[in-house]
$ cat run.cif   # mmCIF, C-alpha atoms
data_data
#
loop_
_atom_site.group_PDB
_atom_site.id
_atom_site.type_symbol
_atom_site.label_atom_id
_atom_site.label_comp_id
_atom_site.auth_asym_id
_atom_site.auth_seq_id
_atom_site.Cartn_x
_atom_site.Cartn_y
_atom_site.Cartn_z
ATOM 1 C CA MET A 1 -41.212 9.553 -58.447
ATOM 2 C CA LYS A 2 -40.419 11.671 -61.521
ATOM 3 C CA LYS A 3 -43.872 10.927 -62.903
ATOM 4 C CA THR A 4 -45.467 12.056 -59.638
ATOM 5 C CA ILE A 5 -43.515 15.315 -59.656
ATOM 6 C CA ALA A 6 -44.470 15.979 -63.278
ATOM 7 C CA THR A 7 -48.117 15.261 -62.516
ATOM 8 C CA LEU A 8 -48.037 17.600 -59.541
ATOM 9 C CA ALA A 9 -46.403 20.300 -61.635
ATOM 10 C CA LEU A 10 -49.079 20.032 -64.314
ATOM 11 C CA ALA A 11 -51.803 20.126 -61.694
ATOM 12 C CA THR A 12 -50.244 23.222 -60.141
ATOM 13 C CA LEU A 13 -50.122 24.955 -63.530
ATOM 14 C CA ALA A 14 -53.752 24.047 -64.214
ATOM 15 C CA LEU A 15 -54.845 25.371 -60.825
ATOM 16 C CA SER A 16 -52.881 28.575 -61.235
ATOM 17 C CA GLY A 17 -54.409 29.090 -64.683
ATOM 18 C CA THR A 18 -57.886 28.509 -63.298
ATOM 19 C CA ALA A 19 -57.262 30.918 -60.437
ATOM 20 C CA PHE A 20 -56.033 33.551 -62.926
ATOM 21 C CA ALA A 21 -59.137 33.115 -65.062
ATOM 22 C CA GLN A 22 -61.402 33.364 -62.021
ATOM 23 C CA ALA A 23 -59.731 36.627 -61.000
ATOM 24 C CA TYR A 24 -59.988 38.033 -64.530
ATOM 25 C CA PRO A 25 -60.167 40.899 -65.229
ATOM 26 C CA THR A 26 -57.988 42.820 -62.800
ATOM 27 C CA LYS A 27 -57.222 45.774 -65.075
ATOM 28 C CA PRO A 28 -58.753 47.625 -68.063
ATOM 29 C CA ILE A 29 -59.316 45.724 -71.297
ATOM 30 C CA THR A 30 -58.524 47.198 -74.705
ATOM 31 C CA VAL A 31 -60.781 46.452 -77.669
ATOM 32 C CA VAL A 32 -59.003 47.316 -80.901
ATOM 33 C CA VAL A 33 -61.219 48.589 -83.713
ATOM 34 C CA PRO A 34 -59.142 48.413 -86.918
ATOM 35 C CA PHE A 35 -60.806 51.492 -88.419
ATOM 36 C CA SER A 36 -61.005 55.199 -87.706
ATOM 37 C CA ALA A 37 -63.135 56.707 -84.946
ATOM 38 C CA GLY A 38 -66.646 57.734 -85.914
ATOM 39 C CA GLY A 39 -67.189 54.923 -88.399
ATOM 40 C CA PRO A 40 -69.873 52.235 -88.182
ATOM 41 C CA THR A 41 -67.714 49.531 -86.586
ATOM 42 C CA ASP A 42 -66.465 52.053 -84.034
ATOM 43 C CA THR A 43 -70.085 52.884 -83.162
ATOM 44 C CA VAL A 44 -70.920 49.214 -82.559
ATOM 45 C CA ALA A 45 -67.788 48.747 -80.457
ATOM 46 C CA ARG A 46 -68.425 51.705 -78.176
ATOM 47 C CA LEU A 47 -72.024 50.696 -77.480
ATOM 48 C CA VAL A 48 -70.986 47.160 -76.546
ATOM 49 C CA ALA A 49 -67.849 48.189 -74.630
ATOM 50 C CA GLU A 50 -69.772 50.494 -72.316
ATOM 51 C CA VAL A 51 -72.053 47.707 -71.083
ATOM 52 C CA MET A 52 -69.263 45.133 -70.916
ATOM 53 C CA SER A 53 -67.315 47.533 -68.681
ATOM 54 C CA GLY A 54 -70.067 47.427 -66.092
ATOM 55 C CA ASP A 55 -70.484 43.660 -66.357
ATOM 56 C CA LEU A 56 -66.752 42.904 -66.058
ATOM 57 C CA GLY A 57 -66.050 45.470 -63.344
ATOM 58 C CA GLN A 58 -63.184 46.924 -65.375
ATOM 59 C CA GLN A 59 -63.151 49.593 -68.045
ATOM 60 C CA VAL A 60 -63.284 48.294 -71.610
ATOM 61 C CA VAL A 61 -61.439 50.874 -73.691
ATOM 62 C CA VAL A 62 -61.920 51.176 -77.459
ATOM 63 C CA GLN A 63 -58.698 51.862 -79.342
ATOM 64 C CA ASN A 64 -58.830 52.813 -83.026
ATOM 65 C CA VAL A 65 -55.945 51.389 -85.044
ATOM 66 C CA GLY A 66 -56.853 52.181 -88.647
ATOM 67 C CA GLY A 67 -54.882 51.479 -91.781
ATOM 68 C CA ALA A 68 -54.355 48.818 -94.454
ATOM 69 C CA GLY A 69 -58.053 47.976 -94.704
ATOM 70 C CA GLY A 70 -58.296 46.822 -91.113
ATOM 71 C CA THR A 71 -55.313 44.475 -91.305
ATOM 72 C CA LEU A 72 -53.019 46.732 -89.277
ATOM 73 C CA GLY A 73 -55.200 46.631 -86.172
ATOM 74 C CA ALA A 74 -56.040 42.959 -86.616
ATOM 75 C CA GLY A 75 -52.348 42.125 -86.943
ATOM 76 C CA GLN A 76 -51.605 44.028 -83.749
ATOM 77 C CA VAL A 77 -54.086 41.907 -81.806
ATOM 78 C CA ALA A 78 -52.878 38.663 -83.417
ATOM 79 C CA THR A 79 -49.437 39.203 -81.868
ATOM 80 C CA ALA A 80 -50.648 40.642 -78.547
ATOM 81 C CA PRO A 81 -50.297 38.681 -75.268
ATOM 82 C CA ASN A 82 -53.098 36.123 -75.030
ATOM 83 C CA ASP A 83 -54.073 37.179 -71.512
ATOM 84 C CA GLY A 84 -57.527 38.525 -72.342
ATOM 85 C CA TYR A 85 -56.588 42.202 -72.082
ATOM 86 C CA THR A 86 -56.312 42.931 -75.815
ATOM 87 C CA LEU A 87 -59.298 42.052 -78.004
ATOM 88 C CA LEU A 88 -60.369 42.751 -81.584
ATOM 89 C CA LEU A 89 -63.780 43.869 -82.798
ATOM 90 C CA HIS A 90 -63.809 43.423 -86.558
ATOM 91 C CA HIS A 91 -66.424 43.214 -89.279
ATOM 92 C CA ILE A 92 -66.861 41.261 -92.499
ATOM 93 C CA GLY A 93 -63.356 42.362 -93.534
ATOM 94 C CA MET A 94 -61.964 39.577 -91.354
ATOM 95 C CA SER A 95 -63.251 37.141 -93.987
ATOM 96 C CA THR A 96 -62.198 39.080 -97.102
ATOM 97 C CA ALA A 97 -58.628 39.903 -96.076
ATOM 98 C CA PRO A 98 -57.215 36.393 -96.773
ATOM 99 C CA THR A 99 -58.107 36.827 -100.463
ATOM 100 C CA LEU A 100 -57.639 40.587 -100.838
ATOM 101 C CA TYR A 101 -54.127 40.636 -99.392
ATOM 102 C CA ARG A 102 -51.413 38.541 -100.963
ATOM 103 C CA SER A 103 -49.167 38.756 -97.881
ATOM 104 C CA LEU A 104 -51.458 38.921 -94.862
ATOM 105 C CA PRO A 105 -49.457 38.926 -91.590
ATOM 106 C CA TYR A 106 -51.958 36.651 -89.819
ATOM 107 C CA VAL A 107 -54.337 33.757 -90.496
ATOM 108 C CA PRO A 108 -57.837 34.579 -89.222
ATOM 109 C CA LEU A 109 -58.854 31.000 -88.435
ATOM 110 C CA THR A 110 -55.700 30.083 -86.524
ATOM 111 C CA ASP A 111 -54.277 33.299 -85.047
ATOM 112 C CA PHE A 112 -57.451 34.290 -83.184
ATOM 113 C CA ALA A 113 -59.785 32.787 -80.624
ATOM 114 C CA THR A 114 -63.406 33.591 -81.437
ATOM 115 C CA ILE A 115 -65.696 35.011 -78.733
ATOM 116 C CA GLY A 116 -68.978 35.681 -80.530
ATOM 117 C CA LEU A 117 -70.973 37.454 -83.208
ATOM 118 C CA ILE A 118 -72.459 40.852 -82.334
ATOM 119 C CA THR A 119 -74.722 42.139 -85.082
ATOM 120 C CA SER A 120 -75.287 42.117 -88.828
ATOM 121 C CA VAL A 121 -75.773 45.606 -90.211
ATOM 122 C CA PRO A 122 -77.635 46.332 -93.474
ATOM 123 C CA MET A 123 -76.185 48.807 -95.931
ATOM 124 C CA THR A 124 -77.665 51.738 -97.802
ATOM 125 C CA LEU A 125 -77.027 53.300 -101.177
ATOM 126 C CA VAL A 126 -76.739 57.053 -100.634
ATOM 127 C CA ALA A 127 -75.457 60.042 -102.595
ATOM 128 C CA ARG A 128 -74.821 63.743 -102.240
ATOM 129 C CA LYS A 129 -78.186 65.434 -101.828
ATOM 130 C CA ASP A 130 -77.994 67.264 -105.168
ATOM 131 C CA PHE A 131 -77.122 64.137 -107.174
ATOM 132 C CA GLU A 132 -79.285 63.989 -110.318
ATOM 133 C CA PRO A 133 -81.038 60.580 -109.884
ATOM 134 C CA ASN A 134 -83.984 60.585 -107.477
ATOM 135 C CA THR A 135 -84.962 56.903 -107.341
ATOM 136 C CA LEU A 136 -83.051 53.610 -107.333
ATOM 137 C CA GLU A 137 -84.209 52.893 -110.889
ATOM 138 C CA GLU A 138 -82.934 56.302 -112.011
ATOM 139 C CA LEU A 139 -79.666 55.735 -110.143
ATOM 140 C CA LEU A 140 -79.021 52.409 -111.871
ATOM 141 C CA ALA A 141 -79.744 53.931 -115.273
ATOM 142 C CA TYR A 142 -77.488 56.897 -114.492
ATOM 143 C CA ILE A 143 -74.607 54.626 -113.440
ATOM 144 C CA LYS A 144 -74.907 52.537 -116.594
ATOM 145 C CA THR A 145 -74.945 55.658 -118.785
ATOM 146 C CA ASN A 146 -72.201 57.638 -117.059
ATOM 147 C CA GLY A 147 -69.915 54.838 -115.828
ATOM 148 C CA GLU A 148 -66.516 56.181 -114.830
ATOM 149 C CA ASN A 149 -67.850 59.727 -114.543
ATOM 150 C CA VAL A 150 -69.622 58.608 -111.352
ATOM 151 C CA THR A 151 -67.379 58.883 -108.292
ATOM 152 C CA TYR A 152 -67.855 56.200 -105.665
ATOM 153 C CA ALA A 153 -66.325 56.582 -102.188
ATOM 154 C CA HIS A 154 -65.241 53.741 -99.961
ATOM 155 C CA ALA A 155 -63.483 53.447 -96.617
ATOM 156 C CA GLY A 156 -60.385 51.683 -97.934
ATOM 157 C CA ILE A 157 -59.313 48.283 -99.245
ATOM 158 C CA GLY A 158 -61.330 45.526 -97.600
ATOM 159 C CA SER A 159 -63.909 47.891 -96.135
ATOM 160 C CA ALA A 160 -67.613 47.054 -96.243
ATOM 161 C CA SER A 161 -68.226 50.044 -98.499
ATOM 162 C CA GLN A 162 -65.646 48.792 -100.986
ATOM 163 C CA LEU A 163 -67.181 45.308 -100.988
ATOM 164 C CA CYS A 164 -70.659 46.729 -101.567
ATOM 165 C CA GLY A 165 -69.307 48.859 -104.411
ATOM 166 C CA MET A 166 -67.734 45.781 -105.999
ATOM 167 C CA LEU A 167 -71.072 43.968 -105.877
ATOM 168 C CA LEU A 168 -72.899 47.029 -107.246
ATOM 169 C CA MET A 169 -70.563 47.314 -110.222
ATOM 170 C CA GLU A 170 -70.760 43.560 -110.829
ATOM 171 C CA SER A 171 -74.578 43.658 -110.708
ATOM 172 C CA THR A 172 -74.836 46.632 -113.091
ATOM 173 C CA GLN A 173 -71.936 45.537 -115.324
ATOM 174 C CA THR A 174 -70.382 48.996 -115.035
ATOM 175 C CA VAL A 175 -67.176 50.544 -113.728
ATOM 176 C CA MET A 176 -67.315 53.670 -111.576
ATOM 177 C CA THR A 177 -64.362 55.793 -110.456
ATOM 178 C CA THR A 178 -63.648 54.621 -106.914
ATOM 179 C CA VAL A 179 -62.140 56.982 -104.354
ATOM 180 C CA PRO A 180 -60.610 55.352 -101.249
ATOM 181 C CA TYR A 181 -60.672 57.090 -97.857
ATOM 182 C CA GLN A 182 -59.097 56.414 -94.479
ATOM 183 C CA GLY A 183 -62.383 55.315 -92.924
ATOM 184 C CA ALA A 184 -66.129 55.699 -93.437
ATOM 185 C CA GLY A 185 -66.337 58.919 -91.417
ATOM 186 C CA PRO A 186 -64.170 61.005 -93.785
ATOM 187 C CA ALA A 187 -65.901 59.476 -96.812
ATOM 188 C CA MET A 188 -69.325 60.487 -95.496
ATOM 189 C CA THR A 189 -68.038 64.007 -94.803
ATOM 190 C CA ASP A 190 -67.193 64.437 -98.486
ATOM 191 C CA ILE A 191 -70.515 62.933 -99.586
ATOM 192 C CA ILE A 192 -72.327 65.513 -97.432
ATOM 193 C CA GLY A 193 -70.018 68.236 -98.721
ATOM 194 C CA GLY A 194 -70.781 67.308 -102.334
ATOM 195 C CA GLN A 195 -67.200 66.410 -103.305
ATOM 196 C CA ILE A 196 -68.097 62.765 -104.083
ATOM 197 C CA ASP A 197 -71.191 61.365 -105.795
ATOM 198 C CA MET A 198 -72.121 58.278 -103.793
ATOM 199 C CA ILE A 199 -71.323 55.481 -101.368
ATOM 200 C CA CYS A 200 -72.838 52.216 -100.161
ATOM 201 C CA ASP A 201 -72.314 52.002 -96.420
ATOM 202 C CA GLN A 202 -73.686 50.553 -93.222
ATOM 203 C CA THR A 203 -76.841 51.987 -91.655
ATOM 204 C CA THR A 204 -74.799 52.690 -88.520
ATOM 205 C CA ASN A 205 -72.982 55.320 -90.563
ATOM 206 C CA THR A 206 -75.807 56.610 -92.765
ATOM 207 C CA THR A 207 -79.107 56.565 -90.845
ATOM 208 C CA SER A 208 -78.720 59.892 -89.035
ATOM 209 C CA GLN A 209 -77.611 61.635 -92.248
ATOM 210 C CA ILE A 210 -80.559 60.151 -94.172
ATOM 211 C CA GLN A 211 -83.043 61.207 -91.513
ATOM 212 C CA ALA A 212 -81.516 64.696 -91.364
ATOM 213 C CA GLY A 213 -81.760 65.090 -95.139
ATOM 214 C CA GLU A 214 -77.998 65.565 -95.515
ATOM 215 C CA VAL A 215 -77.751 62.854 -98.176
ATOM 216 C CA LYS A 216 -80.066 61.365 -100.801
ATOM 217 C CA ALA A 217 -80.961 57.731 -100.045
ATOM 218 C CA TYR A 218 -81.939 55.146 -102.657
ATOM 219 C CA ALA A 219 -82.220 51.687 -101.095
ATOM 220 C CA VAL A 220 -81.274 49.297 -98.301
ATOM 221 C CA THR A 221 -79.471 46.004 -98.946
ATOM 222 C CA SER A 222 -81.534 43.997 -96.441
ATOM 223 C CA PRO A 223 -84.179 41.434 -97.491
ATOM 224 C CA GLU A 224 -86.946 43.577 -95.965
ATOM 225 C CA ARG A 225 -87.475 47.307 -95.458
ATOM 226 C CA LEU A 226 -86.197 48.757 -92.178
ATOM 227 C CA ALA A 227 -88.529 49.993 -89.434
ATOM 228 C CA ASN A 228 -86.492 53.166 -88.930
ATOM 229 C CA LEU A 229 -86.318 53.895 -92.696
ATOM 230 C CA PRO A 230 -89.727 52.615 -93.873
ATOM 231 C CA ASP A 231 -89.848 54.681 -97.067
ATOM 232 C CA LEU A 232 -86.541 53.331 -98.334
ATOM 233 C CA PRO A 233 -87.038 50.388 -100.745
ATOM 234 C CA THR A 234 -84.868 47.296 -100.773
ATOM 235 C CA THR A 235 -82.454 46.677 -103.632
ATOM 236 C CA LYS A 236 -84.455 43.525 -104.372
ATOM 237 C CA GLU A 237 -87.572 45.597 -105.045
ATOM 238 C CA ALA A 238 -85.771 47.218 -107.973
ATOM 239 C CA GLY A 239 -84.529 43.877 -109.251
ATOM 240 C CA LEU A 240 -80.968 44.581 -108.177
ATOM 241 C CA ASP A 241 -78.960 41.563 -107.021
ATOM 242 C CA LEU A 242 -77.296 43.333 -104.112
ATOM 243 C CA GLU A 243 -78.139 41.849 -100.728
ATOM 244 C CA ILE A 244 -75.375 42.247 -98.161
ATOM 245 C CA GLY A 245 -75.149 42.552 -94.397
ATOM 246 C CA VAL A 246 -72.018 43.512 -92.512
ATOM 247 C CA TRP A 247 -71.549 41.185 -89.580
ATOM 248 C CA HIS A 248 -69.324 42.034 -86.616
ATOM 249 C CA GLY A 249 -67.489 39.701 -84.265
ATOM 250 C CA LEU A 250 -65.312 39.817 -81.147
ATOM 251 C CA TYR A 251 -61.936 38.037 -81.053
ATOM 252 C CA ALA A 252 -58.983 37.411 -78.742
ATOM 253 C CA PRO A 253 -55.456 36.265 -79.624
ATOM 254 C CA ALA A 254 -55.138 32.514 -80.192
ATOM 255 C CA GLY A 255 -54.276 30.534 -77.067
ATOM 256 C CA THR A 256 -56.309 32.700 -74.700
ATOM 257 C CA ASP A 257 -57.443 30.694 -71.651
ATOM 258 C CA PRO A 258 -60.842 29.069 -72.427
ATOM 259 C CA ALA A 259 -62.135 30.254 -69.040
ATOM 260 C CA ILE A 260 -61.371 33.854 -70.048
ATOM 261 C CA ILE A 261 -63.071 33.340 -73.416
ATOM 262 C CA GLU A 262 -66.116 32.014 -71.569
ATOM 263 C CA ARG A 263 -66.174 35.048 -69.262
ATOM 264 C CA LEU A 264 -65.950 37.404 -72.244
ATOM 265 C CA GLU A 265 -68.679 35.472 -74.071
ATOM 266 C CA THR A 266 -70.967 35.859 -71.047
ATOM 267 C CA SER A 267 -70.210 39.573 -70.859
ATOM 268 C CA LEU A 268 -70.829 40.030 -74.587
ATOM 269 C CA GLN A 269 -74.204 38.324 -74.270
ATOM 270 C CA ALA A 270 -75.067 40.596 -71.347
ATOM 271 C CA ALA A 271 -74.295 43.616 -73.534
ATOM 272 C CA LEU A 272 -76.436 42.327 -76.393
ATOM 273 C CA THR A 273 -79.471 41.922 -74.141
ATOM 274 C CA ASN A 274 -79.050 45.375 -72.616
ATOM 275 C CA GLU A 275 -82.086 47.569 -73.318
ATOM 276 C CA THR A 276 -79.996 50.624 -74.200
ATOM 277 C CA VAL A 277 -77.893 48.662 -76.689
ATOM 278 C CA ILE A 278 -80.991 47.119 -78.265
ATOM 279 C CA ALA A 279 -82.628 50.553 -78.581
ATOM 280 C CA ARG A 280 -79.526 52.227 -80.050
ATOM 281 C CA PHE A 281 -78.997 49.371 -82.500
ATOM 282 C CA ALA A 282 -82.622 49.729 -83.604
ATOM 283 C CA GLU A 283 -82.104 53.444 -84.223
ATOM 284 C CA LEU A 284 -79.189 52.501 -86.463
ATOM 285 C CA GLY A 285 -81.204 49.961 -88.435
ATOM 286 C CA THR A 286 -79.823 46.794 -86.901
ATOM 287 C CA ALA A 287 -80.284 44.433 -83.942
ATOM 288 C CA PRO A 288 -78.086 42.279 -81.697
ATOM 289 C CA VAL A 289 -77.654 38.642 -82.659
ATOM 290 C CA THR A 290 -79.271 35.908 -80.578
ATOM 291 C CA ALA A 291 -77.559 34.304 -77.576
ATOM 292 C CA GLU A 292 -76.853 31.230 -79.730
ATOM 293 C CA GLU A 293 -75.024 33.398 -82.259
ATOM 294 C CA ALA A 294 -73.004 35.342 -79.688
ATOM 295 C CA THR A 295 -70.779 32.304 -79.147
ATOM 296 C CA PRO A 296 -67.323 31.161 -80.266
ATOM 297 C CA ALA A 297 -68.796 28.301 -82.322
ATOM 298 C CA ALA A 298 -71.183 30.564 -84.246
ATOM 299 C CA LEU A 299 -68.492 33.124 -85.041
ATOM 300 C CA THR A 300 -66.072 30.412 -86.169
ATOM 301 C CA GLU A 301 -68.724 28.965 -88.480
ATOM 302 C CA MET A 302 -69.541 32.401 -89.895
ATOM 303 C CA LEU A 303 -65.888 33.272 -90.477
ATOM 304 C CA THR A 304 -65.159 29.950 -92.181
ATOM 305 C CA SER A 305 -68.124 30.145 -94.565
ATOM 306 C CA GLN A 306 -67.598 33.834 -95.384
ATOM 307 C CA ILE A 307 -63.930 33.344 -96.254
ATOM 308 C CA GLU A 308 -65.034 30.855 -98.909
ATOM 309 C CA LEU A 309 -67.898 33.059 -100.140
ATOM 310 C CA TRP A 310 -65.817 36.206 -100.599
ATOM 311 C CA ARG A 311 -62.895 34.344 -102.140
ATOM 312 C CA GLY A 312 -65.043 33.708 -105.218
ATOM 313 C CA VAL A 313 -66.373 37.273 -105.416
ATOM 314 C CA ILE A 314 -62.968 38.920 -105.041
ATOM 315 C CA GLU A 315 -61.193 36.584 -107.452
ATOM 316 C CA ALA A 316 -63.916 37.215 -110.045
ATOM 317 C CA ALA A 317 -63.488 40.979 -109.631
ATOM 318 C CA GLY A 318 -59.707 40.710 -109.787
ATOM 319 C CA VAL A 319 -59.267 43.345 -107.051
ATOM 320 C CA TYR A 320 -56.320 42.816 -104.723
ATOM 321 C CA ALA A 321 -54.222 44.787 -102.274
ATOM 322 C CA GLU A 322 -50.503 44.479 -101.797
#
$ encode --input "run.cif" --output "structure tokens"
Amino acid sequence: MKKTIATLALATLALSGTAFAQAYPTKPITVVVPFSAGGPTDTVARLVAEVMSGDLGQQVVVQNVGGAGGTLGAGQVATAPNDGYTLLLHHIGMSTAPTLYRSLPYVPLTDFATIGLITSVPMTLVARKDFEPNTLEELLAYIKTNGENVTYAHAGIGSASQLCGMLLMESTQTVMTTVPYQGAGPAMTDIIGGQIDMICDQTTNTTSQIQAGEVKAYAVTSPERLANLPDLPTTKEAGLDLEIGVWHGLYAPAGTDPAIIERLETSLQAALTNETVIARFAELGTAPVTAEEATPAALTEMLTSQIELWRGVIEAAGVYAE
């Protein structure tokens, strides 16, 4: 008799969970972007959120929670209720944080449920428009000659721009003076204003400034030249070992109902096949991932492999955050 009651209770819980997932969502969903508004990850999030809102029938609201290299916002989502109403859209920093931070308040592979990859964004080497070097070859020579007299901006510890700068300095065997900012937007403002020499940042944050002539561009970090920046050479063309793409993924707190994860995965895939999203991504020098990549399994595989990759790079550089 007791066994029958227990079985019935479990069945009731399963049915109620299924019914909840089928009704989901019944209220707005918040997507936390762990960086400031106006930056490249924020741009990706807002494009995707707009289409997902229509697909889900509820508003998907982007909330910027910057600070601590993206770990503040990520930590907030890790401890949020796992009901599908608080999500995280993070970039490559999700894989570097475990090595960069000695006391990280979450474990990426266990405290989050993966939903899917979104896009991988190339990066560009750009400088203030009156910076002396005019070509990538001249830039590399200038960096090697002037070293610490060159000021390099980045969007904070763990940011894509910091990681690219680390690789640039490793490749050229030089040390520049790095200047951290609270996000890519403020850093780009000072590049345009001439207060800082250069930055390596995602095309989502640099393309419009390059096309408008507000900054001087030297190269892209993709394997091939970009259709929207055809005159910009690749770093490989100049013999520079600096090939990096900044991938973005969507996460929920661990323990989120699998049926909700599946619904969000379907909605994400709908957004990534939307013509407006595809066109806007193309303008920014990137493209949505394939349907096979916009899945929990693909994002988990990417996160796992990238944690191992960046552990070696960061430990070799000896750069850590408290």
$ residues_near_point --input "run.cif" --point "(-73.7, 46.6, -76.7)" --cutoff "10 Å" --atoms "all atoms listed in the file" --output "PyMOL selection string"
chain A and resi 43-52+118-119+267-281+288
$ closest_residue --input "run.cif" --among "A:Ile199, A:Asn64, A:His248, A:Thr290" --to "Tyr181 (chain A)" --atoms "only C-alpha atoms"
A:Ile199
$ atom_distance --input "run.cif" --atom1 "CA of Ser171 (chain A)" --atom2 "CA of Leu140 (chain A)"
9.9 Å
$ residues_around --input "run.cif" --residues "region 130-133 of chain A" --least-positions-apart "4" --cutoff "9 Å" --atoms "only C-alpha atoms" --output "VMD selection string"
chain A and resid 137 to 142 194 197 to 198 215 to 216
$ closest_residue --input "run.cif" --among "A:Ile92, A:Ile191, A:Leu104, A:Met169" --to "Gln306 (chain A)" --atoms "all atoms listed in the file"
A:Ile92
$ closest_residue --input "run.cif" --among "A:Thr266, A:Gln22, A:Leu117, A:Ser36" --to "Ala187 (chain A)" --atoms "only C-alpha atoms"
A:Ser36
$ residues_around --input "run.cif" --residues "Thr178 (chain A)" --least-positions-apart "4" --cutoff "7 Å" --atoms "all atoms listed in the file" --output "ChimeraX atom specification"
/A:151-153
$ residues_near_point --input "run.cif" --point "(-72.6, 64.4, -94.2)" --cutoff "7 Å" --atoms "only C-alpha atoms" --output "list in words"
Met188, Thr189, Asp190, Ile191, Ile192, Gly193, Gln209, Glu214 and Val215 of chain A
$ atom_distance --input "run.cif" --atom1 "CA of Pro105 (chain A)" --atom2 "CA of Val33 (chain A)"
17.1 Å
$ residues_around --input "run.cif" --residues "Pro122 (chain A)" --least-positions-apart "3" --cutoff "8 Å" --atoms "all atoms listed in the file" --output "list of chain:residue names"
A:Gln202, A:Thr203, A:Val220, A:Thr221, A:Ser222, A:Ile244, A:Gly245, A:Val246, A:Gly285, A:Thr286
$ closest_residue --input "run.cif" --among "A:Thr174, A:Thr300, A:Thr135, A:Gln63" --to "Ser95 (chain A)" --atoms "all atoms listed in the file"
A:Thr300
$ atom_distance --input "run.cif" --atom1 "CA of Val31 (chain A)" --atom2 "CA of Val60 (chain A)"
6.8 Å
$ closest_residue --input "run.cif" --among "A:Ile261, A:Thr41, A:Thr110, A:Asp83" --to "Leu303 (chain A)" --atoms "all atoms listed in the file"
A:Thr110
$ resolve_selection --input "run.cif" --expression "the PyMOL selection byres ((chain A and resi 102) around 8)" --output "PyMOL selection string"
chain A and resi 98-101+103-104+320-322
$ resolve_selection --input "run.cif" --expression "the PyMOL selection byres ((chain A and resi 228-237) around 8)" --output "mmCIF file with C-alpha atoms, keeping the file's coordinate frame"
data_model
loop_
_atom_site.group_PDB
_atom_site.id
_atom_site.type_symbol
_atom_site.label_atom_id
_atom_site.label_comp_id
_atom_site.auth_asym_id
_atom_site.auth_seq_id
_atom_site.Cartn_x
_atom_site.Cartn_y
_atom_site.Cartn_z
ATOM 1 C CA LEU A 136 -83.051 53.610 -107.333
ATOM 2 C CA THR A 207 -79.107 56.565 -90.845
ATOM 3 C CA ALA A 217 -80.961 57.731 -100.045
ATOM 4 C CA TYR A 218 -81.939 55.146 -102.657
ATOM 5 C CA ALA A 219 -82.220 51.687 -101.095
ATOM 6 C CA VAL A 220 -81.274 49.297 -98.301
ATOM 7 C CA THR A 221 -79.471 46.004 -98.946
ATOM 8 C CA SER A 222 -81.534 43.997 -96.441
ATOM 9 C CA PRO A 223 -84.179 41.434 -97.491
ATOM 10 C CA GLU A 224 -86.946 43.577 -95.965
ATOM 11 C CA ARG A 225 -87.475 47.307 -95.458
ATOM 12 C CA LEU A 226 -86.197 48.757 -92.178
ATOM 13 C CA ALA A 227 -88.529 49.993 -89.434
ATOM 14 C CA ALA A 238 -85.771 47.218 -107.973
ATOM 15 C CA GLY A 239 -84.529 43.877 -109.251
ATOM 16 C CA LEU A 240 -80.968 44.581 -108.177
ATOM 17 C CA ASP A 241 -78.960 41.563 -107.021
ATOM 18 C CA LEU A 242 -77.296 43.333 -104.112
ATOM 19 C CA GLU A 243 -78.139 41.849 -100.728
ATOM 20 C CA ALA A 282 -82.622 49.729 -83.604
ATOM 21 C CA GLU A 283 -82.104 53.444 -84.223
ATOM 22 C CA LEU A 284 -79.189 52.501 -86.463
ATOM 23 C CA GLY A 285 -81.204 49.961 -88.435
#
